[in-house]
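Trainee: Structure supplied as target.tsv; contents: TSV, C-alpha atoms.
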chain	number	residue	atom	x	y	z
A	657	MET	CA	-5.89	12.65	18.70
A	658	GLU	CA	-9.20	11.07	17.69
A	659	ALA	CA	-9.09	8.50	14.92
A	660	VAL	CA	-10.62	9.34	11.54
A	661	LEU	CA	-11.00	5.64	10.76
A	662	SER	CA	-11.38	2.91	13.37
A	663	VAL	CA	-11.77	-0.74	12.37
A	664	GLN	CA	-12.77	-3.13	15.14
A	665	SER	CA	-12.69	-6.93	15.00
A	666	ILE	CA	-13.67	-7.44	11.35
A	667	ASN	CA	-14.21	-11.10	10.46
A	668	LYS	CA	-15.05	-12.55	7.05
A	669	HIS	CA	-14.80	-16.20	6.01
A	670	TYR	CA	-14.45	-17.70	2.55
A	671	PRO	CA	-13.62	-21.27	1.52
A	672	GLY	CA	-9.92	-21.61	2.24
A	673	PHE	CA	-9.44	-18.03	3.47
A	674	ALA	CA	-10.59	-15.74	6.28
A	675	LEU	CA	-10.13	-12.27	7.67
A	676	GLU	CA	-9.60	-12.83	11.37
A	677	ASN	CA	-10.24	-10.12	13.96
A	678	VAL	CA	-8.84	-7.24	11.87
A	679	SER	CA	-8.54	-4.11	14.02
A	680	PHE	CA	-6.65	-0.85	13.54
A	681	SER	CA	-7.14	2.92	13.64
A	682	LEU	CA	-5.97	5.75	11.43
A	683	ALA	CA	-5.34	9.16	12.96
A	684	PRO	CA	-5.42	12.51	11.12
A	685	ASN	CA	-2.45	13.87	9.17
A	686	ARG	CA	-0.76	10.64	8.23
A	687	ILE	CA	-0.28	8.03	5.54
A	688	MET	CA	-0.79	4.44	6.65
A	689	GLY	CA	0.51	1.57	4.55
A	690	LEU	CA	-1.15	-1.85	4.60
A	691	ILE	CA	1.39	-4.33	3.23
A	692	GLY	CA	1.44	-8.06	2.67
A	693	LYS	CA	1.95	-10.64	-0.05
A	694	ASN	CA	-0.61	-11.08	-2.81
A	695	GLY	CA	-3.54	-12.99	-1.32
A	696	ALA	CA	-2.84	-11.83	2.24
A	697	GLY	CA	-6.25	-10.16	2.49
A	698	LYS	CA	-5.43	-6.50	1.87
A	699	SER	CA	-8.09	-5.88	-0.80
A	700	THR	CA	-10.67	-7.91	1.11
A	701	THR	CA	-9.98	-5.76	4.18
A	702	LEU	CA	-10.63	-2.58	2.19
A	703	LYS	CA	-13.78	-4.08	0.69
A	704	ALA	CA	-15.04	-5.00	4.16
A	705	ILE	CA	-14.31	-1.49	5.46
A	706	LEU	CA	-16.29	0.01	2.57
A	707	ASN	CA	-19.09	-2.58	2.85
A	708	MET	CA	-18.34	-3.90	-0.64
A	709	VAL	CA	-18.35	-7.29	1.06
A	710	SER	CA	-20.41	-7.69	4.23
A	711	PRO	CA	-18.31	-8.70	7.24
A	712	GLU	CA	-19.77	-11.36	9.50
A	713	SER	CA	-18.88	-9.36	12.59
A	714	GLY	CA	-17.07	-6.21	13.60
A	715	SER	CA	-17.57	-2.48	13.13
A	716	VAL	CA	-16.12	0.47	11.23
A	717	THR	CA	-16.22	3.99	12.60
A	718	MET	CA	-15.45	6.78	10.14
A	719	PHE	CA	-15.45	10.46	11.10
A	720	GLN	CA	-16.91	9.39	14.48
A	721	LYS	CA	-19.92	7.73	12.81
A	722	ASN	CA	-20.84	4.09	12.36
A	723	PHE	CA	-19.99	3.59	8.70
A	724	TYR	CA	-22.50	0.80	8.12
A	725	GLN	CA	-25.31	2.95	9.53
A	726	HIS	CA	-24.21	6.19	7.84
A	727	GLU	CA	-22.62	4.78	4.68
A	728	LYS	CA	-23.96	7.35	2.21
A	729	GLU	CA	-22.95	10.28	4.41
A	730	CYS	CA	-19.46	8.91	5.07
A	731	LYS	CA	-18.82	8.16	1.40
A	732	GLN	CA	-19.21	11.83	0.57
A	733	ARG	CA	-16.04	12.47	2.58
A	734	ILE	CA	-13.82	9.74	1.14
A	735	GLY	CA	-12.14	9.04	-2.18
A	736	VAL	CA	-11.39	5.52	-3.36
A	737	VAL	CA	-9.05	4.19	-6.05
A	738	PHE	CA	-10.04	0.56	-6.15
A	739	GLY	CA	-9.20	-1.95	-8.83
A	740	GLY	CA	-6.27	-0.01	-10.21
A	741	ILE	CA	-5.66	0.74	-13.87
A	742	ASP	CA	-8.09	-1.89	-15.21
A	743	PHE	CA	-11.07	0.20	-14.09
A	744	TYR	CA	-13.48	0.92	-17.01
A	745	PRO	CA	-10.82	0.12	-19.65
A	746	LEU	CA	-12.94	0.80	-22.74
A	747	LYS	CA	-14.88	3.94	-21.83
A	748	LYS	CA	-14.07	7.58	-22.44
A	749	LEU	CA	-12.95	9.57	-19.46
A	750	SER	CA	-16.07	11.71	-19.73
A	751	ALA	CA	-18.26	8.60	-19.37
A	752	ILE	CA	-16.43	7.49	-16.23
A	753	THR	CA	-16.76	11.02	-14.88
A	754	ALA	CA	-20.54	10.96	-15.44
A	755	VAL	CA	-20.87	7.75	-13.39
A	756	THR	CA	-18.77	9.23	-10.59
A	757	ARG	CA	-20.83	12.43	-10.50
A	758	LYS	CA	-23.98	10.43	-9.83
A	759	PHE	CA	-22.30	8.72	-6.91
A	760	TYR	CA	-21.14	11.88	-5.13
A	761	THR	CA	-23.89	14.33	-4.22
A	762	ASN	CA	-21.22	16.88	-3.27
A	763	TRP	CA	-19.36	16.72	-6.59
A	764	ASP	CA	-17.34	19.89	-7.17
A	765	GLN	CA	-16.75	20.56	-10.86
A	766	ALA	CA	-14.15	23.24	-10.13
A	767	GLN	CA	-12.23	20.84	-7.89
A	768	TYR	CA	-12.37	18.14	-10.57
A	769	GLN	CA	-11.10	20.51	-13.28
A	770	LYS	CA	-8.34	21.65	-10.95
A	771	TYR	CA	-6.92	18.12	-10.84
A	772	ILE	CA	-7.57	17.41	-14.51
A	773	LYS	CA	-5.46	20.46	-15.31
A	774	ARG	CA	-2.85	19.70	-12.66
A	775	PHE	CA	-2.40	16.16	-14.01
A	776	ALA	CA	-2.49	17.32	-17.68
A	777	LEU	CA	-5.33	14.94	-18.61
A	778	ASN	CA	-7.29	15.01	-21.88
A	779	GLU	CA	-10.93	14.02	-21.32
A	780	SER	CA	-11.57	13.36	-24.99
A	781	LYS	CA	-9.41	10.25	-24.87
A	782	LYS	CA	-10.50	6.77	-23.94
A	783	PHE	CA	-9.23	5.34	-20.70
A	784	LYS	CA	-7.27	2.63	-22.54
A	785	GLU	CA	-5.41	5.28	-24.56
A	786	LEU	CA	-3.76	6.75	-21.47
A	787	SER	CA	-0.44	5.59	-20.09
A	788	ASN	CA	-0.72	3.54	-16.90
A	789	GLY	CA	0.56	6.47	-14.87
A	790	MET	CA	-2.03	8.79	-16.38
A	791	LYS	CA	-4.77	6.24	-15.64
A	792	VAL	CA	-3.86	6.33	-11.96
A	793	LYS	CA	-3.80	10.14	-12.01
A	794	TYR	CA	-7.25	10.20	-13.56
A	795	LEU	CA	-8.65	7.87	-10.90
A	796	LEU	CA	-7.05	10.10	-8.27
A	797	ALA	CA	-8.66	13.18	-9.87
A	798	LEU	CA	-12.06	11.51	-9.54
A	799	ALA	CA	-11.36	10.48	-5.96
A	800	LEU	CA	-10.44	14.08	-5.07
A	801	SER	CA	-13.27	15.76	-6.99
A	802	HIS	CA	-15.45	16.32	-3.92
A	803	HIS	CA	-12.84	17.48	-1.38
A	804	ALA	CA	-12.22	13.98	-0.04
A	805	GLU	CA	-10.82	14.00	3.49
A	806	LEU	CA	-9.79	10.33	3.43
A	807	LEU	CA	-8.19	8.52	0.46
A	808	ILE	CA	-8.32	4.73	0.34
A	809	LEU	CA	-6.00	3.35	-2.34
A	810	ASP	CA	-5.70	-0.30	-3.35
A	811	GLU	CA	-2.45	-1.13	-5.17
A	812	PRO	CA	-2.27	2.34	-6.79
A	813	THR	CA	1.04	1.68	-8.56
A	814	ALA	CA	0.32	-1.82	-9.88
A	815	GLY	CA	1.46	-2.11	-13.49
A	816	LEU	CA	3.55	1.07	-13.47
A	817	ASP	CA	7.16	1.29	-14.57
A	818	PRO	CA	9.71	2.51	-11.97
A	819	LYS	CA	9.62	6.15	-13.13
A	820	GLU	CA	5.79	6.27	-13.07
A	821	ARG	CA	5.76	4.57	-9.67
A	822	ILE	CA	8.04	7.26	-8.22
A	823	ARG	CA	5.86	10.02	-9.69
A	824	ILE	CA	2.66	8.54	-8.24
A	825	ARG	CA	4.34	7.93	-4.87
A	826	ASN	CA	5.48	11.55	-4.70
A	827	LEU	CA	2.04	12.71	-5.76
A	828	ILE	CA	0.35	10.70	-2.99
A	829	SER	CA	2.78	12.15	-0.48
A	830	ASP	CA	1.94	15.65	-1.70
A	831	LEU	CA	-1.81	14.97	-1.54
A	832	SER	CA	-1.50	13.79	2.08
A	833	GLU	CA	-0.68	17.33	3.21
A	834	ASP	CA	-4.35	18.08	3.88
A	835	ARG	CA	-6.00	14.64	3.95
A	836	ILE	CA	-5.50	11.14	5.38
A	837	VAL	CA	-4.35	8.27	3.15
A	838	LEU	CA	-4.63	4.50	3.56
A	839	ILE	CA	-2.64	2.53	0.95
A	840	ALA	CA	-2.77	-1.23	0.46
A	841	THR	CA	0.19	-2.57	-1.50
A	842	HIS	CA	2.73	-5.39	-1.78
A	843	VAL	CA	5.34	-2.99	-3.20
A	844	VAL	CA	7.38	-1.92	-0.17
A	845	SER	CA	9.08	1.00	-1.95
A	846	ASP	CA	5.65	2.62	-2.49
A	847	ILE	CA	5.31	3.41	1.20
A	848	GLU	CA	8.73	3.03	2.85
A	849	PHE	CA	9.52	6.75	2.92
A	850	ILE	CA	6.05	8.33	2.94
A	851	SER	CA	4.10	6.27	5.51
A	852	LYS	CA	4.06	7.27	9.15
A	853	GLU	CA	2.65	3.91	10.15
A	854	ILE	CA	2.68	0.40	8.66
A	855	LEU	CA	0.21	-2.46	9.03
A	856	LEU	CA	1.61	-5.92	8.27
A	857	MET	CA	-0.98	-8.45	7.05
A	858	LYS	CA	-0.40	-12.18	6.71
A	859	ASN	CA	-3.00	-14.84	5.89
A	860	GLY	CA	-5.94	-12.59	6.74
A	861	ARG	CA	-4.52	-11.38	10.05
A	862	LEU	CA	-2.77	-8.19	11.06
A	863	VAL	CA	0.50	-9.34	12.58
A	864	ASP	CA	1.99	-5.95	13.48
A	865	GLN	CA	1.38	-2.20	13.43
A	866	ASP	CA	4.06	0.42	14.01
A	867	SER	CA	6.18	3.12	12.41
A	868	PRO	CA	8.64	2.02	9.70
A	869	GLU	CA	11.51	2.97	12.00
A	870	ASN	CA	10.28	0.81	14.89
A	871	LEU	CA	9.56	-2.17	12.64
A	872	GLN	CA	13.11	-1.93	11.31
A	873	LYS	CA	14.57	-1.71	14.82
A	874	ARG	CA	12.78	-4.91	15.83
A	875	ILE	CA	14.68	-7.05	13.36
A	876	TYR	CA	18.07	-5.46	14.01
A	877	GLY	CA	20.50	-8.34	14.40
A	878	HIS	CA	18.80	-10.39	11.68
A	879	VAL	CA	20.21	-8.58	8.63
A	880	TYR	CA	23.81	-9.05	7.49
A	881	GLU	CA	26.03	-8.37	4.52
A	882	LEU	CA	28.32	-11.20	3.49
A	883	CYS	CA	31.43	-10.91	1.37
A	884	ILE	CA	31.62	-14.21	-0.49
A	885	SER	CA	33.11	-15.90	-3.53
A	886	GLN	CA	31.25	-17.19	-6.56
A	887	ASP	CA	31.77	-20.76	-5.28
A	888	GLU	CA	29.99	-19.91	-2.00
A	889	LEU	CA	26.98	-18.23	-3.60
A	890	ALA	CA	24.92	-21.37	-4.25
A	891	GLU	CA	25.28	-22.48	-0.62
A	892	VAL	CA	24.34	-19.03	0.72
A	893	LYS	CA	21.18	-19.09	-1.40
A	894	LYS	CA	20.22	-22.40	0.21
A	895	GLU	CA	20.94	-21.22	3.74
A	896	TYR	CA	19.55	-17.67	3.80
A	897	GLU	CA	16.86	-15.39	2.44
A	898	ILE	CA	18.68	-12.92	0.17
A	899	SER	CA	17.41	-9.36	-0.06
A	900	ASN	CA	20.17	-7.93	-2.26
A	901	LEU	CA	23.25	-8.99	-4.18
A	902	PHE	CA	25.92	-7.04	-6.03
A	903	ARG	CA	29.47	-7.54	-7.23
A	904	ARG	CA	32.44	-5.38	-6.26
A	905	ASP	CA	36.10	-5.80	-7.21
A	906	GLY	CA	35.69	-9.46	-8.01
A	907	GLU	CA	33.80	-10.25	-4.80
A	908	ILE	CA	30.07	-10.78	-4.21
A	909	ILE	CA	28.33	-8.76	-1.52
A	910	VAL	CA	25.11	-10.44	-0.38
A	911	ARG	CA	22.53	-8.96	2.01
A	912	VAL	CA	20.79	-11.77	3.90
A	913	ILE	CA	18.06	-12.25	6.48
A	914	ALA	CA	19.39	-14.64	9.13
A	915	ASP	CA	18.25	-16.14	12.42
A	916	LYS	CA	21.82	-15.95	13.76
A	917	CYS	CA	25.04	-14.32	12.61
A	918	PRO	CA	26.48	-16.29	9.64
A	919	VAL	CA	29.83	-16.85	11.37
A	920	LYS	CA	31.21	-19.13	8.63
A	921	TYR	CA	31.24	-16.15	6.25
A	922	ASP	CA	32.73	-12.66	6.44
A	923	ALA	CA	29.50	-11.16	7.91
A	924	VAL	CA	28.75	-7.58	8.94
A	925	LYS	CA	25.57	-6.63	10.82
A	926	VAL	CA	23.69	-3.86	8.96
A	927	SER	CA	20.68	-1.65	9.62
A	928	PRO	CA	17.43	-3.16	8.31
A	929	THR	CA	15.21	-1.54	5.69
A	930	LEU	CA	11.44	-1.93	5.39
A	931	GLU	CA	12.08	-4.38	2.55
A	932	ASP	CA	14.10	-6.48	5.01
A	933	VAL	CA	11.13	-6.36	7.40
A	934	TYR	CA	8.88	-7.59	4.59
A	935	LEU	CA	11.18	-10.53	3.85
A	936	TYR	CA	11.62	-11.35	7.54
A	937	GLU	CA	7.86	-11.36	8.21
A	938	PHE	CA	6.51	-12.84	4.98
A	939	GLU	CA	9.26	-14.99	3.51
A	940	GLY	CA	10.60	-16.32	6.79
A	941	VAL	CA	14.10	-16.95	8.08
A	942	LYS	CA	15.71	-20.07	6.64
A	943	ARG	CA	17.12	-22.35	9.28
A	944	ARG	CA	19.50	-25.24	8.64
Translate this structure into structure tokens?

Mentor:
Amino acid sequence: MEAVLSVQSINKHYPGFALENVSFSLAPNRIMGLIGKNGAGKSTTLKAILNMVSPESGSVTMFQKNFYQHEKECKQRIGVVFGGIDFYPLKKLSAITAVTRKFYTNWDQAQYQKYIKRFALNESKKFKELSNGMKVKYLLALALSHHAELLILDEPTAGLDPKERIRIRNLISDLSEDRIVLIATHVVSDIEFISKEILLMKNGRLVDQDSPENLQKRIYGHVYELCISQDELAEVKKEYEISNLFRRDGEIIVRVIADKCPVKYDAVKVSPTLEDVYLYEFEGVKRR
């Protein structure tokens, strides 16, 4: 299956930070999640792909065309939600729409109104008067207004409460039925159940790429649940990275990321989640 988006050896250097040899491909009919800590280089990667910052070397192929040579043509086939809910905070929705219409030569008014109606948006309001969830929906409506075949989303759920985040996540999953989606986020729950493939980024480098299931399998044997007492909790916090903690019948159940089985405690090996993968890769395993 030929890739819709192919990124090859992108490099970009800044004082104290660099994108180093970033390469990946995105095939049709899938959602790909790009995850990493804040400052890992996710947004810079998207900006380099879209030529918002000029990479020093590397290439981007989109829809089998060199993006940097056919940028205007390629942009007519993509939708971008970049900058999240702070985009144009003081303008009316109609003003933001007017700017977007000038950008897309293939703007489809009927398609735009379809999503405005579907998302129950009121164009007479100012952007700042919308809830954060509605702001994201409006930016998605703009991104989809010209039959975008590829959606590139940068932190689309930043600033949303848990209920809004779930709604937007489900909406993105629904929208992926007939288009490809690339999501950059540090919120693991945004993509854990909807992404077919995950890119892990750390310090400007892609450190892994695979399905959520395979990434979880790779750290099997490094995630345990411990049944401990209150007196043991402080020591466990020093020894291990904790991914979850709850109390049950007077005992404390702690989920930890460990290099080896914590034999001094009542430990049970458990199946990893994508959040465990995130902690294992980005927070590191504490060693005594």

Trainee: Using only C-alpha atoms, which residues sit within 12 Å of Leu816 (chain A) once same-chain residues fewer than 2 positions away are excluded, as number ranges by chain?

Mentor: A: 740-741, 787-793, 811-814, 818-825, 843, 846

Trainee: Report as a PDB file with C-alpha atoms, keeping the file's coordinate frame all protein, DNA and RNA residues lying within 9 Å of Gly695 (chain A), evaluated on all atoms listed in the file, omitting residues in the same chain fewer than 6 positions from it.

Mentor:
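Dumped everything to result.pdb:
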ATOM      1  CA  LYS A 858      -0.400 -12.180   6.710  1.00  0.00           C
ATOM      2  CA  ASN A 859      -3.000 -14.840   5.890  1.00  0.00           C
ATOM      3  CA  GLY A 860      -5.940 -12.590   6.740  1.00  0.00           C
TER       4      GLY A 860
END

Trainee: So that I can check the surroundings of Gln664 (chain A), please list as an MDAnalysis selection string every protein, DNA and RNA residue that reaches within 8 Å of it, counting all atoms listed in the file and ignoring chain neighbours fewer than 3 positions away.

Mentor: chainID A and resid 677:680 714:716

Trainee: Expressed in Å to a single decimal, how great is the separation between CA of Lys747 (chain A) and CA of Lys782 (chain A)?

Mentor: 5.6 Å

Trainee: State, in Å with one decimal place, the distance from CA of Asn685 (chain A) to CA of His726 (chain A).

Mentor: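 These atoms are spaced 23.1 Å apart.
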
Trainee: Ranking A:Ser665, A:Asn694, A:Asn762, A:Ser699 by minimum distance to Ile839 (chain A) and counting only C-alpha atoms, which one comes first?

Mentor: A:Ser699

Trainee: Go ahead and compute the interatomic distance for CA of Val919 (chain A) and CA of Gln886 (chain A), in Å to one decimal.

Mentor: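 Separation between CA of Val919 (chain A) and CA of Gln886 (chain A): 18.0 Å.
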
Trainee: Under the rule that only C-alpha atoms are counted, which of A:Gln769, A:Thr929, A:Thr761, A:Ser899 is the nearest residue to Glu729 (chain A)?

Mentor: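 Using only C-alpha atoms, Glu729 (chain A) sits closest to A:Thr761.
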